[in-house]
>>> print(open('start13.cif').read())   # mmCIF, C-alpha atoms
data_protein
loop_
_atom_site.label_atom_id
_atom_site.label_comp_id
_atom_site.auth_asym_id
_atom_site.auth_seq_id
_atom_site.Cartn_x
_atom_site.Cartn_y
_atom_site.Cartn_z
CA MET Y 21 20.89 -17.91 0.95
CA ALA Y 22 20.89 -17.46 -2.82
CA ALA Y 23 22.95 -19.79 -4.99
CA LEU Y 24 26.07 -17.75 -5.67
CA GLY Y 25 28.79 -20.12 -6.83
CA ALA Y 26 32.40 -19.96 -5.75
CA PRO Y 27 33.38 -16.81 -3.81
CA ALA Y 28 36.80 -16.72 -5.46
CA ARG Y 29 35.12 -16.49 -8.83
CA THR Y 30 32.91 -13.60 -7.71
CA LEU Y 31 35.92 -11.79 -6.31
CA ARG Y 32 37.92 -12.20 -9.53
CA ALA Y 33 35.04 -10.98 -11.69
CA LEU Y 34 34.40 -8.03 -9.36
CA LEU Y 35 38.04 -6.96 -9.41
CA ARG Y 36 37.99 -7.21 -13.20
CA GLU Y 37 34.96 -4.89 -13.37
CA LEU Y 38 36.67 -2.43 -11.05
CA ARG Y 39 39.68 -2.42 -13.36
CA HIS Y 40 37.37 -1.52 -16.26
CA ALA Y 41 35.81 1.28 -14.25
CA ALA Y 42 38.99 2.78 -12.84
CA GLY Y 43 41.49 2.63 -15.66
CA ARG Y 44 45.24 2.56 -15.16
CA SER Y 45 45.45 3.30 -11.45
CA TYR Y 46 42.85 0.69 -10.46
CA ARG Y 47 45.04 -0.92 -7.81
CA ASP Y 48 45.10 2.31 -5.84
CA SER Y 49 41.38 2.96 -6.14
CA PRO Y 50 39.46 2.92 -2.85
CA ALA Y 51 36.98 0.35 -4.15
CA TYR Y 52 39.64 -2.13 -5.24
CA ARG Y 53 41.45 -1.90 -1.94
CA HIS Y 54 38.23 -2.06 0.08
CA VAL Y 55 36.98 -5.20 -1.71
CA LEU Y 56 40.31 -6.99 -1.36
CA ALA Y 57 40.61 -6.03 2.31
CA ALA Y 58 37.07 -7.19 3.05
CA PHE Y 59 37.60 -10.56 1.40
CA ARG Y 60 40.90 -11.07 3.18
CA ALA Y 61 39.48 -10.07 6.54
CA HIS Y 62 36.62 -12.53 6.26
CA ARG Y 63 38.56 -15.11 4.31
CA VAL Y 64 35.60 -15.42 1.97
CA THR Y 65 37.57 -17.38 -0.60
CA SER Y 66 37.60 -20.49 1.57
CA GLU Y 67 34.98 -23.16 0.96
CA LYS Y 68 33.08 -23.20 4.25
CA LEU Y 69 31.29 -19.94 4.85
CA CYS Y 70 29.73 -18.58 7.97
CA ARG Y 71 26.83 -16.16 7.85
CA ALA Y 72 28.93 -12.98 7.81
CA GLN Y 73 30.97 -14.40 4.98
CA GLN Y 74 27.85 -15.33 3.05
CA GLU Y 75 26.50 -11.81 3.48
CA LEU Y 76 29.75 -10.35 2.19
CA HIS Y 77 29.70 -12.72 -0.76
CA PHE Y 78 26.12 -11.71 -1.57
CA GLN Y 79 27.10 -8.04 -1.37
CA ALA Y 80 30.06 -8.63 -3.67
CA ALA Y 81 27.88 -10.51 -6.16
CA THR Y 82 25.35 -7.66 -6.08
CA TYR Y 83 28.03 -5.02 -6.64
CA LEU Y 84 29.45 -7.13 -9.48
CA CYS Y 85 25.97 -7.23 -11.05
CA LEU Y 86 25.71 -3.45 -10.73
CA LEU Y 87 29.08 -2.73 -12.37
CA ARG Y 88 28.59 -5.27 -15.11
CA SER Y 89 25.03 -4.15 -15.93
CA VAL Y 90 25.99 -0.47 -16.02
CA ARG Y 91 28.86 -1.27 -18.39
CA GLU Y 92 26.67 -3.42 -20.66
CA HIS Y 93 23.86 -0.85 -20.61
CA GLU Y 94 26.26 1.92 -21.58
CA ALA Y 95 27.71 -0.19 -24.40
CA LEU Y 96 24.21 -0.84 -25.76
CA HIS Y 97 23.37 2.85 -25.39
CA ARG Y 98 26.44 3.86 -27.39
CA GLU Y 99 25.78 1.20 -30.00
CA TYR Y 100 22.09 1.83 -30.59
CA HIS Y 101 20.95 5.04 -28.97
CA GLY Y 102 23.88 7.39 -29.00
CA ARG Y 103 24.47 8.13 -32.65
CA GLY Y 104 22.43 11.30 -32.84
CA GLU Y 105 21.80 13.18 -36.04
CA ARG Y 106 24.02 13.06 -39.07
CA SER Y 107 25.84 16.24 -40.01
CA PRO Y 108 24.86 18.01 -43.30
CA LYS Y 109 28.10 16.70 -44.81
CA GLU Y 110 27.16 13.10 -43.95
CA VAL Y 111 23.65 13.54 -45.31
CA ALA Y 112 25.00 14.88 -48.62
CA GLY Y 113 27.43 11.99 -48.74
CA LEU Y 114 24.57 9.48 -48.41
CA VAL Y 115 23.38 10.34 -51.92
CA GLY Y 116 26.79 10.95 -53.38
CA PHE Y 117 26.89 14.75 -53.17
CA ARG Y 118 29.52 17.00 -51.69
CA LEU Y 119 28.68 20.25 -50.01
CA PRO Y 120 29.66 23.30 -52.09
CA GLN Y 121 32.63 25.23 -50.86
CA GLN Y 122 31.85 28.85 -50.15
CA PRO Y 123 35.04 30.57 -49.01
CA GLY Y 124 33.24 33.86 -48.52
CA GLY Y 125 30.49 32.38 -46.43
CA LYS Y 126 26.80 32.12 -47.29
CA GLY Y 127 26.51 35.79 -48.29
CA MET F 28 38.75 16.87 -19.72
CA PRO F 29 41.44 16.24 -17.10
CA ARG F 30 41.15 13.11 -14.98
CA ARG F 31 39.31 13.82 -11.76
CA GLN F 32 40.59 12.54 -8.48
CA ASP F 33 37.52 11.52 -6.58
CA PHE F 34 37.95 10.74 -2.95
CA TYR F 35 35.75 10.48 0.04
CA SER F 36 36.47 11.84 3.50
CA ASP F 37 35.24 11.07 6.96
CA SER F 38 33.51 13.74 9.00
CA PRO F 39 31.33 13.68 12.15
CA GLY F 40 28.20 14.02 9.99
CA GLY F 41 29.10 11.10 7.80
CA PHE F 42 31.26 10.45 4.75
CA GLU F 43 31.57 13.17 2.13
CA ILE F 44 32.59 12.97 -1.51
CA ASN F 45 35.29 15.32 -2.80
CA LEU F 46 35.37 16.18 -6.49
CA ASP F 47 38.41 18.18 -7.55
CA HIS F 48 38.78 19.52 -4.00
CA ARG F 49 35.15 20.62 -3.84
CA LYS F 50 32.55 18.85 -1.76
CA LEU F 51 29.75 17.14 -3.67
CA LYS F 52 26.28 18.59 -3.06
CA THR F 53 22.81 17.18 -3.68
CA PRO F 54 20.42 18.65 -6.31
CA GLN F 55 18.86 20.69 -3.46
CA ALA F 56 22.33 21.99 -2.57
CA LYS F 57 22.65 20.04 0.68
CA LEU F 58 26.06 18.67 1.59
CA PHE F 59 26.32 15.12 0.22
CA THR F 60 26.97 12.90 3.24
CA VAL F 61 26.46 9.16 3.46
CA PRO F 62 26.28 7.05 6.60
CA SER F 63 28.43 4.17 5.38
CA GLU F 64 32.05 4.12 4.29
CA ALA F 65 31.48 1.30 1.80
CA LEU F 66 28.66 3.32 0.25
CA ALA F 67 30.89 6.40 0.02
CA ILE F 68 33.54 4.32 -1.73
CA ALA F 69 31.01 2.95 -4.20
CA VAL F 70 29.68 6.47 -4.91
CA ALA F 71 33.23 7.79 -5.38
CA THR F 72 33.82 4.92 -7.81
CA GLU F 73 30.75 5.97 -9.83
CA TRP F 74 32.22 9.48 -10.17
CA ASP F 75 35.64 8.09 -10.98
CA SER F 76 34.21 5.97 -13.80
CA GLN F 77 32.92 9.00 -15.67
CA LYS F 78 35.13 9.80 -18.64
CA ASP F 79 34.46 12.68 -21.04
CA THR F 80 30.96 13.45 -19.87
CA ILE F 81 29.07 12.85 -16.65
CA LYS F 82 26.40 10.29 -17.41
CA PHE F 83 24.05 10.73 -14.50
CA TYR F 84 21.75 7.98 -15.76
CA THR F 85 24.47 5.44 -14.97
CA MET F 86 25.09 6.72 -11.44
CA HIS F 87 22.42 4.83 -9.58
CA LEU F 88 23.98 4.88 -6.12
CA THR F 89 24.57 8.63 -6.30
CA THR F 90 20.95 9.09 -7.32
CA LEU F 91 19.71 6.96 -4.43
CA CYS F 92 21.79 8.94 -1.95
CA ASN F 93 20.46 12.21 -3.37
CA THR F 94 16.91 10.90 -2.93
CA ALA F 95 17.60 9.88 0.67
CA LEU F 96 19.16 13.26 1.47
CA ASP F 97 16.70 15.52 -0.37
CA ASN F 98 13.56 13.41 -0.03
CA PRO F 99 12.04 15.21 -3.03
CA THR F 100 8.67 13.47 -2.70
CA GLN F 101 8.61 14.61 0.95
CA ARG F 102 7.35 11.33 2.29
CA ASN F 103 7.82 10.30 5.88
CA LYS F 104 8.56 6.77 7.05
CA THR F 105 4.90 5.80 7.41
CA GLN F 106 4.06 7.01 3.92
CA LEU F 107 7.02 5.18 2.39
CA ILE F 108 6.04 1.94 4.09
CA ARG F 109 2.45 2.35 3.03
CA ALA F 110 3.51 2.89 -0.60
CA ALA F 111 5.72 -0.20 -0.45
CA VAL F 112 3.09 -2.49 1.04
CA LYS F 113 0.43 -1.18 -1.33
CA PHE F 114 2.37 -2.85 -4.12
CA LEU F 115 1.35 -6.21 -2.71
CA GLU F 116 -2.13 -5.65 -4.16
CA THR F 117 -0.67 -5.61 -7.67
CA ASP F 118 2.35 -7.81 -7.05
CA THR F 119 3.69 -9.28 -10.29
CA VAL F 120 4.11 -12.78 -8.90
CA CYS F 121 0.51 -12.91 -7.69
CA TYR F 122 -1.03 -12.02 -11.04
CA ARG F 123 -1.44 -15.15 -13.16
CA VAL F 124 -2.61 -15.68 -16.71
CA GLU F 125 -4.78 -18.57 -17.82
CA GLU F 126 -3.54 -18.46 -21.41
CA PRO F 127 -1.28 -19.33 -23.11
CA ALA F 128 -0.93 -22.58 -21.16
CA ALA F 129 2.84 -22.59 -21.52
CA LEU F 130 3.10 -19.17 -19.86
CA ALA F 131 0.65 -20.14 -17.12
CA GLU F 132 2.79 -23.22 -16.45
CA LEU F 133 5.97 -21.13 -16.40
CA GLN F 134 4.45 -18.67 -13.93
CA LYS F 135 3.36 -21.54 -11.69
CA ASN F 136 6.79 -23.20 -11.76
CA GLU F 137 8.81 -20.05 -11.30
CA TRP F 138 6.60 -17.90 -9.08
CA ASP F 139 4.90 -20.42 -6.77
CA PRO F 140 8.18 -21.22 -4.95
CA VAL F 141 8.92 -17.58 -4.18
CA VAL F 142 5.38 -16.92 -2.97
CA SER F 143 5.62 -20.02 -0.72
CA TRP F 144 8.95 -18.83 0.56
CA ALA F 145 7.45 -15.44 1.51
CA GLU F 146 4.44 -17.06 3.17
CA LYS F 147 6.68 -19.30 5.25
CA ARG F 148 9.31 -16.70 6.05
CA TYR F 149 6.78 -14.07 7.19
CA ASN F 150 4.10 -16.47 8.40
CA VAL F 151 1.42 -14.91 6.19
CA THR F 152 -1.13 -15.87 3.55
CA ILE F 153 -0.63 -14.37 0.11
CA GLY F 154 -1.79 -16.68 -2.66
CA SER F 155 -2.21 -15.77 -6.32
CA SER F 156 -5.06 -15.06 -8.70
CA THR F 157 -6.07 -15.12 -12.36
CA SER F 158 -8.68 -12.42 -11.79
CA ILE F 159 -7.96 -8.89 -13.08
CA LEU F 160 -8.63 -7.67 -9.56
CA GLY F 161 -5.67 -9.66 -8.34
CA PRO F 162 -5.31 -11.67 -5.16
CA ASN F 163 -7.22 -10.90 -2.01
CA ILE F 164 -4.48 -10.03 0.45
CA PRO F 165 -5.61 -10.36 4.08
CA ALA F 166 -5.20 -7.27 6.27
CA SER F 167 -3.05 -9.28 8.68
CA THR F 168 -0.58 -10.00 5.86
CA LYS F 169 -0.27 -6.30 5.10
CA GLU F 170 0.19 -5.52 8.80
CA THR F 171 2.99 -8.06 9.05
CA PHE F 172 4.86 -6.44 6.20
CA VAL F 173 4.22 -2.96 7.57
CA SER F 174 5.76 -3.85 10.91
CA HIS F 175 8.65 -5.69 9.25
CA LEU F 176 9.49 -2.70 7.07
CA ALA F 177 9.27 -0.40 10.11
CA SER F 178 12.41 -2.08 11.41
CA TYR F 179 14.42 -0.47 8.59
CA ASN F 180 15.77 3.06 8.83
CA MET F 181 14.71 5.84 6.47
CA TRP F 182 17.62 5.46 4.06
CA ALA F 183 17.16 1.72 3.70
CA LEU F 184 13.42 2.25 3.19
CA GLN F 185 14.04 4.62 0.27
CA GLY F 186 16.11 1.82 -1.23
CA ILE F 187 13.47 -0.83 -0.58
CA GLU F 188 10.71 1.28 -2.11
CA PHE F 189 12.94 1.92 -5.13
CA VAL F 190 13.58 -1.81 -5.67
CA ILE F 191 9.85 -2.54 -5.36
CA THR F 192 8.96 0.00 -8.05
CA GLN F 193 11.64 -1.42 -10.34
CA LEU F 194 10.64 -5.08 -9.93
CA LYS F 195 6.93 -4.26 -9.62
CA SER F 196 6.79 -6.75 -6.78
CA LEU F 197 7.05 -6.53 -3.01
CA ILE F 198 7.56 -10.29 -2.76
CA LEU F 199 10.46 -10.40 -5.21
CA SER F 200 12.02 -7.40 -3.47
CA MET F 201 11.82 -8.97 -0.02
CA SER F 202 13.16 -12.22 -1.43
CA LEU F 203 16.10 -10.29 -2.83
CA ILE F 204 16.72 -8.17 0.26
CA ASP F 205 16.56 -11.27 2.45
CA ARG F 206 19.24 -12.74 0.17
CA HIS F 207 17.04 -15.65 -0.84
CA ILE F 208 17.60 -14.93 -4.55
CA THR F 209 20.20 -13.01 -6.56
CA VAL F 210 19.56 -9.76 -8.45
CA GLU F 211 19.77 -11.63 -11.77
CA LYS F 212 17.15 -14.12 -10.60
CA ALA F 213 14.85 -11.42 -9.20
CA VAL F 214 15.01 -9.51 -12.49
CA LEU F 215 14.36 -12.68 -14.48
CA LEU F 216 11.31 -13.48 -12.35
CA SER F 217 10.09 -9.90 -12.67
CA ARG F 218 10.40 -10.10 -16.45
CA LEU F 219 9.06 -13.63 -16.79
CA GLU F 220 6.47 -12.80 -19.39
CA GLU F 221 8.97 -10.78 -21.46
CA GLU F 222 11.43 -13.64 -21.29
CA TYR F 223 8.71 -16.04 -22.42
CA GLN F 224 7.84 -13.81 -25.40
CA ILE F 225 11.53 -13.36 -26.26
CA ARG F 226 12.01 -17.11 -26.31
CA ARG F 227 9.00 -17.47 -28.59
CA TRP F 228 9.50 -14.56 -30.93
CA GLY F 229 13.17 -13.71 -30.70
CA ASN F 230 15.36 -11.20 -28.94
CA VAL F 231 15.79 -7.59 -30.02
CA GLU F 232 19.09 -6.49 -28.55
CA TRP F 233 18.58 -2.76 -28.72
CA ALA F 234 15.30 -2.99 -26.83
CA HIS F 235 15.25 -6.18 -24.76
CA ASP F 236 18.84 -6.31 -23.61
CA TYR F 237 18.86 -2.56 -23.10
CA ASP F 238 15.89 -2.81 -20.73
CA LEU F 239 17.30 -5.91 -19.06
CA CYS F 240 20.66 -4.29 -18.29
CA GLU F 241 19.01 -1.14 -17.00
CA LEU F 242 16.66 -3.07 -14.72
CA ARG F 243 19.55 -5.19 -13.41
CA ALA F 244 21.66 -2.10 -12.75
CA ARG F 245 18.90 -0.28 -10.88
CA THR F 246 17.85 -3.34 -8.88
CA ALA F 247 21.45 -4.15 -7.97
CA ALA F 248 22.04 -0.55 -6.91
CA GLY F 249 18.89 -0.50 -4.78
CA THR F 250 19.74 -3.79 -3.10
CA LEU F 251 23.32 -2.81 -2.37
CA PHE F 252 22.08 0.54 -1.06
CA VAL F 253 19.66 -1.15 1.35
CA HIS F 254 22.29 -3.53 2.69
CA LEU F 255 24.99 -0.86 3.07
CA CYS F 256 22.56 1.41 4.95
CA SER F 257 21.46 -1.39 7.26
CA GLU F 258 24.75 -2.76 8.55
CA SER F 259 24.68 -1.58 12.12
CA SER F 260 28.39 -1.94 12.76
CA THR F 261 29.59 0.34 10.00
CA VAL F 262 26.81 2.87 9.80
CA LYS F 263 26.63 6.36 11.30
CA HIS F 264 23.23 6.32 12.89
CA LYS F 265 22.82 10.05 13.31
CA LEU F 266 22.26 10.39 9.60
CA LEU F 267 19.68 7.70 9.19
CA GLN F 268 16.69 9.48 10.77
CA ASP F 269 15.14 6.50 12.44
#
>>> encode(input="start13.cif", output="structure tokens")
Amino acid sequence: MAALGAPARTLRALLRELRHAAGRSYRDSPAYRHVLAAFRAHRVTSEKLCRAQQELHFQAATYLCLLRSVREHEALHREYHGRGERSPKEVAGLVGFRLPQQPGGKG
Amino acid sequence: MPRRQDFYSDSPGGFEINLDHRKLKTPQAKLFTVPSEALAIAVATEWDSQKDTIKFYTMHLTTLCNTALDNPTQRNKTQLIRAAVKFLETDTVCYRVEEPAALAELQKNEWDPVVSWAEKRYNVTIGSSTSILGPNIPASTKETFVSHLASYNMWALQGIEFVITQLKSLILSMSLIDRHITVEKAVLLSRLEEEYQIRRWGNVEWAHDYDLCELRARTAAGTLFVHLCSESSTVKHKLLQD
């Protein structure tokens, strides 16, 4: 079995990621409740783990990796790849110009 | 955009996803049904996480389910298995460099253990090679993997094949699916040469970390998908097209 660290730590981190994903009503979200119920049912936070518990822990760690990576990827996308083109107003502003005002339209 | 309430519901055909009181459909307009409740919950969570716009490129589990339901490449089980095992011929961890020496050493230290693990676990010979033709994989090794993969259902196989194409390695994928290594470790081993270059020449966040996060997300999604579709106790078998 892969080296996963303490199950309690994985659970805490996973619940934190779910809070990020869900927003205000995270405690009612199906995922939050499902994860908590699964950990309680298998008592995965105890130190000695049987095979079923180890499998659940691995699944939780994998899901944590998914949520975390998606969040980090999106943040990087917004930061570096999401800006898009500048508007004409911004372009003019780059060299210190302002766009002329034409109340009647371009004519 | 008003906040969506995304729920899932149980039906005889499987678990469905409800978006604003409408049932989610696949790209080919089939009813979106998944065989596992945990998978349905995770898919519903993906939809619930979308804010102003739907960013489909972040919804990896939804995408995997759509692939399993629509089977757009129209491959049957045999073809999927064949595609997966074919990767062994160009498996990342079997292809070794001779130079630079530091990278060759790193590959030996990091990849030899996982190749040995696979050889022991599956009782096969794999080896590695510095030739551009790659290692010479015995037919018996391929047969062993073919029959092992045949024990998975169609949904899980779609997931396995997906992970293999992401990691560019059958061995790393099996190591991951057998829970021998974590997703983070599998991705690191898959990207060993990149990591080596990054350590030498420096990291470029907008390229390196971007690729790293995307690979981790896809690999994690694929792995979770395989495991959730394989748990016999919680899965609705009718859907899995064994």
>>> closest_residue(input="start13.cif", among="F:Thr89, F:Asn103, F:Ser143, F:Thr246", to="Leu66 in chain F", atoms="only C-alpha atoms")
F:Thr89
>>> closest_residue(input="start13.cif", among="F:Val231, F:Ala128, F:Ile68, F:Ile204", to="chain Y", atoms="all atoms listed in the file")
F:Ile68
>>> resolve_selection(input="start13.cif", expression="the PyMOL selection byres ((chain F and resi 198) around 10)", output="PyMOL selection string")
chain F and resi 112+114-115+118-121+138+141-142+144-146+153+191+194-197+199-204+213
>>> closest_atom_pairs(input="start13.cif", of="chain F", to="chain Y", cutoff="10 Å", atoms="all atoms listed in the file", output="tab-separated table")
residue	atom	partner	partner_atom	distance
F:Gln32	CA	Y:Ser49	CA	9.9
F:Asp33	CA	Y:Ser49	CA	9.4
F:Phe34	CA	Y:Pro50	CA	8.0
F:Tyr35	CA	Y:Pro50	CA	8.9
F:Glu64	CA	Y:His54	CA	9.7
F:Ala65	CA	Y:His54	CA	7.7
F:Leu66	CA	Y:Ala51	CA	9.9
F:Ala67	CA	Y:Ala51	CA	9.5
F:Ile68	CA	Y:Ala51	CA	5.8
F:Ala69	CA	Y:Ala51	CA	6.5
F:Val70	CA	Y:Ala51	CA	9.6
F:Ala71	CA	Y:Pro50	CA	8.3
F:Thr72	CA	Y:Ala51	CA	6.7
F:Glu73	CA	Y:Ala41	CA	8.2
F:Trp74	CA	Y:Ala41	CA	9.8
F:Asp75	CA	Y:Ala42	CA	6.5
F:Ser76	CA	Y:Ala41	CA	5.0
F:Gln77	CA	Y:Ala41	CA	8.4
F:Lys78	CA	Y:Ala41	CA	9.6
F:Lys82	CA	Y:Glu94	CA	9.4
F:Tyr84	CA	Y:Val90	CA	9.5
F:Thr85	CA	Y:Val90	CA	6.2
F:Met86	CA	Y:Val90	CA	8.6
F:His87	CA	Y:Leu86	CA	9.0
F:Leu88	CA	Y:Leu86	CA	9.7
F:Ser202	CA	Y:Ala22	CA	9.4
F:Leu203	CA	Y:Ala22	CA	8.6
F:Asp205	CA	Y:Met21	CA	8.1
F:Arg206	CA	Y:Met21	CA	5.5
F:His207	CA	Y:Ala22	CA	4.7
F:Ile208	CA	Y:Ala22	CA	4.5
F:Thr209	CA	Y:Ala22	CA	5.9
F:Val210	CA	Y:Thr82	CA	6.6
F:Glu211	CA	Y:Cys85	CA	7.6
F:Lys212	CA	Y:Ala22	CA	9.3
F:Glu232	CA	Y:Leu96	CA	8.1
F:Trp233	CA	Y:Tyr100	CA	6.1
F:Ala234	CA	Y:Tyr100	CA	9.1
F:Asp236	CA	Y:Leu96	CA	8.0
F:Tyr237	CA	Y:His93	CA	5.8
F:Asp238	CA	Y:His93	CA	8.2
F:Leu239	CA	Y:His93	CA	8.4
F:Cys240	CA	Y:Ser89	CA	5.0
F:Glu241	CA	Y:His93	CA	6.1
F:Leu242	CA	Y:Ser89	CA	8.5
F:Arg243	CA	Y:Ser89	CA	6.1
F:Ala244	CA	Y:Leu86	CA	4.7
F:Arg245	CA	Y:Leu86	CA	7.5
F:Thr246	CA	Y:Leu86	CA	8.1
F:Ala247	CA	Y:Leu86	CA	5.1
F:Ala248	CA	Y:Leu86	CA	6.0
F:Gly249	CA	Y:Leu86	CA	9.5
F:Thr250	CA	Y:Thr82	CA	7.4
F:Leu251	CA	Y:Thr82	CA	6.4
F:Phe252	CA	Y:Tyr83	CA	9.9
F:His254	CA	Y:Gln79	CA	7.7
F:Leu255	CA	Y:Gln79	CA	8.7
>>> write_last_selection(input="start13.cif", atoms="C-alpha atoms", output="PDB file, in the frame of the given file")
ATOM      1  CA  GLN F  32      40.590  12.540  -8.480  1.00  0.00           C
ATOM      2  CA  ASP F  33      37.520  11.520  -6.580  1.00  0.00           C
ATOM      3  CA  PHE F  34      37.950  10.740  -2.950  1.00  0.00           C
ATOM      4  CA  TYR F  35      35.750  10.480   0.040  1.00  0.00           C
ATOM      5  CA  GLU F  64      32.050   4.120   4.290  1.00  0.00           C
ATOM      6  CA  ALA F  65      31.480   1.300   1.800  1.00  0.00           C
ATOM      7  CA  LEU F  66      28.660   3.320   0.250  1.00  0.00           C
ATOM      8  CA  ALA F  67      30.890   6.400   0.020  1.00  0.00           C
ATOM      9  CA  ILE F  68      33.540   4.320  -1.730  1.00  0.00           C
ATOM     10  CA  ALA F  69      31.010   2.950  -4.200  1.00  0.00           C
ATOM     11  CA  VAL F  70      29.680   6.470  -4.910  1.00  0.00           C
ATOM     12  CA  ALA F  71      33.230   7.790  -5.380  1.00  0.00           C
ATOM     13  CA  THR F  72      33.820   4.920  -7.810  1.00  0.00           C
ATOM     14  CA  GLU F  73      30.750   5.970  -9.830  1.00  0.00           C
ATOM     15  CA  TRP F  74      32.220   9.480 -10.170  1.00  0.00           C
ATOM     16  CA  ASP F  75      35.640   8.090 -10.980  1.00  0.00           C
ATOM     17  CA  SER F  76      34.210   5.970 -13.800  1.00  0.00           C
ATOM     18  CA  GLN F  77      32.920   9.000 -15.670  1.00  0.00           C
ATOM     19  CA  LYS F  78      35.130   9.800 -18.640  1.00  0.00           C
ATOM     20  CA  LYS F  82      26.400  10.290 -17.410  1.00  0.00           C
ATOM     21  CA  TYR F  84      21.750   7.980 -15.760  1.00  0.00           C
ATOM     22  CA  THR F  85      24.470   5.440 -14.970  1.00  0.00           C
ATOM     23  CA  MET F  86      25.090   6.720 -11.440  1.00  0.00           C
ATOM     24  CA  HIS F  87      22.420   4.830  -9.580  1.00  0.00           C
ATOM     25  CA  LEU F  88      23.980   4.880  -6.120  1.00  0.00           C
ATOM     26  CA  SER F 202      13.160 -12.220  -1.430  1.00  0.00           C
ATOM     27  CA  LEU F 203      16.100 -10.290  -2.830  1.00  0.00           C
ATOM     28  CA  ASP F 205      16.560 -11.270   2.450  1.00  0.00           C
ATOM     29  CA  ARG F 206      19.240 -12.740   0.170  1.00  0.00           C
ATOM     30  CA  HIS F 207      17.040 -15.650  -0.840  1.00  0.00           C
ATOM     31  CA  ILE F 208      17.600 -14.930  -4.550  1.00  0.00           C
ATOM     32  CA  THR F 209      20.200 -13.010  -6.560  1.00  0.00           C
ATOM     33  CA  VAL F 210      19.560  -9.760  -8.450  1.00  0.00           C
ATOM     34  CA  GLU F 211      19.770 -11.630 -11.770  1.00  0.00           C
ATOM     35  CA  LYS F 212      17.150 -14.120 -10.600  1.00  0.00           C
ATOM     36  CA  GLU F 232      19.090  -6.490 -28.550  1.00  0.00           C
ATOM     37  CA  TRP F 233      18.580  -2.760 -28.720  1.00  0.00           C
ATOM     38  CA  ALA F 234      15.300  -2.990 -26.830  1.00  0.00           C
ATOM     39  CA  ASP F 236      18.840  -6.310 -23.610  1.00  0.00           C
ATOM     40  CA  TYR F 237      18.860  -2.560 -23.100  1.00  0.00           C
ATOM     41  CA  ASP F 238      15.890  -2.810 -20.730  1.00  0.00           C
ATOM     42  CA  LEU F 239      17.300  -5.910 -19.060  1.00  0.00           C
ATOM     43  CA  CYS F 240      20.660  -4.290 -18.290  1.00  0.00           C
ATOM     44  CA  GLU F 241      19.010  -1.140 -17.000  1.00  0.00           C
ATOM     45  CA  LEU F 242      16.660  -3.070 -14.720  1.00  0.00           C
ATOM     46  CA  ARG F 243      19.550  -5.190 -13.410  1.00  0.00           C
ATOM     47  CA  ALA F 244      21.660  -2.100 -12.750  1.00  0.00           C
ATOM     48  CA  ARG F 245      18.900  -0.280 -10.880  1.00  0.00           C
ATOM     49  CA  THR F 246      17.850  -3.340  -8.880  1.00  0.00           C
ATOM     50  CA  ALA F 247      21.450  -4.150  -7.970  1.00  0.00           C
ATOM     51  CA  ALA F 248      22.040  -0.550  -6.910  1.00  0.00           C
ATOM     52  CA  GLY F 249      18.890  -0.500  -4.780  1.00  0.00           C
ATOM     53  CA  THR F 250      19.740  -3.790  -3.100  1.00  0.00           C
ATOM     54  CA  LEU F 251      23.320  -2.810  -2.370  1.00  0.00           C
ATOM     55  CA  PHE F 252      22.080   0.540  -1.060  1.00  0.00           C
ATOM     56  CA  HIS F 254      22.290  -3.530   2.690  1.00  0.00           C
ATOM     57  CA  LEU F 255      24.990  -0.860   3.070  1.00  0.00           C
TER      58      LEU F 255
END
>>> atom_distance(input="start13.cif", atom1="CA of Asp47 in chain F", atom2="CA of Glu37 in chain Y")
24.0 Å
>>> atom_distance(input="start13.cif", atom1="CA of Leu76 in chain Y", atom2="CA of Ala61 in chain Y")
10.7 Å
>>> atom_distance(input="start13.cif", atom1="CA of Ala58 in chain Y", atom2="CA of Thr60 in chain F")
22.5 Å
>>> residues_around(input="start13.cif", residues="Tyr122 in chain F", least_positions_apart="6", cutoff="7 Å", atoms="all atoms listed in the file", output="PyMOL selection string")
chain F and resi 155-157+161
>>> closest_residue(input="start13.cif", among="F:Val61, F:Ala129, F:Ile225, F:Leu160", to="Asn93 in chain F", atoms="all atoms listed in the file")
F:Val61
>>> closest_residue(input="start13.cif", among="F:Arg148, F:Lys104, F:Lys169, F:Arg123", to="Ala183 in chain F", atoms="only C-alpha atoms")
F:Lys104
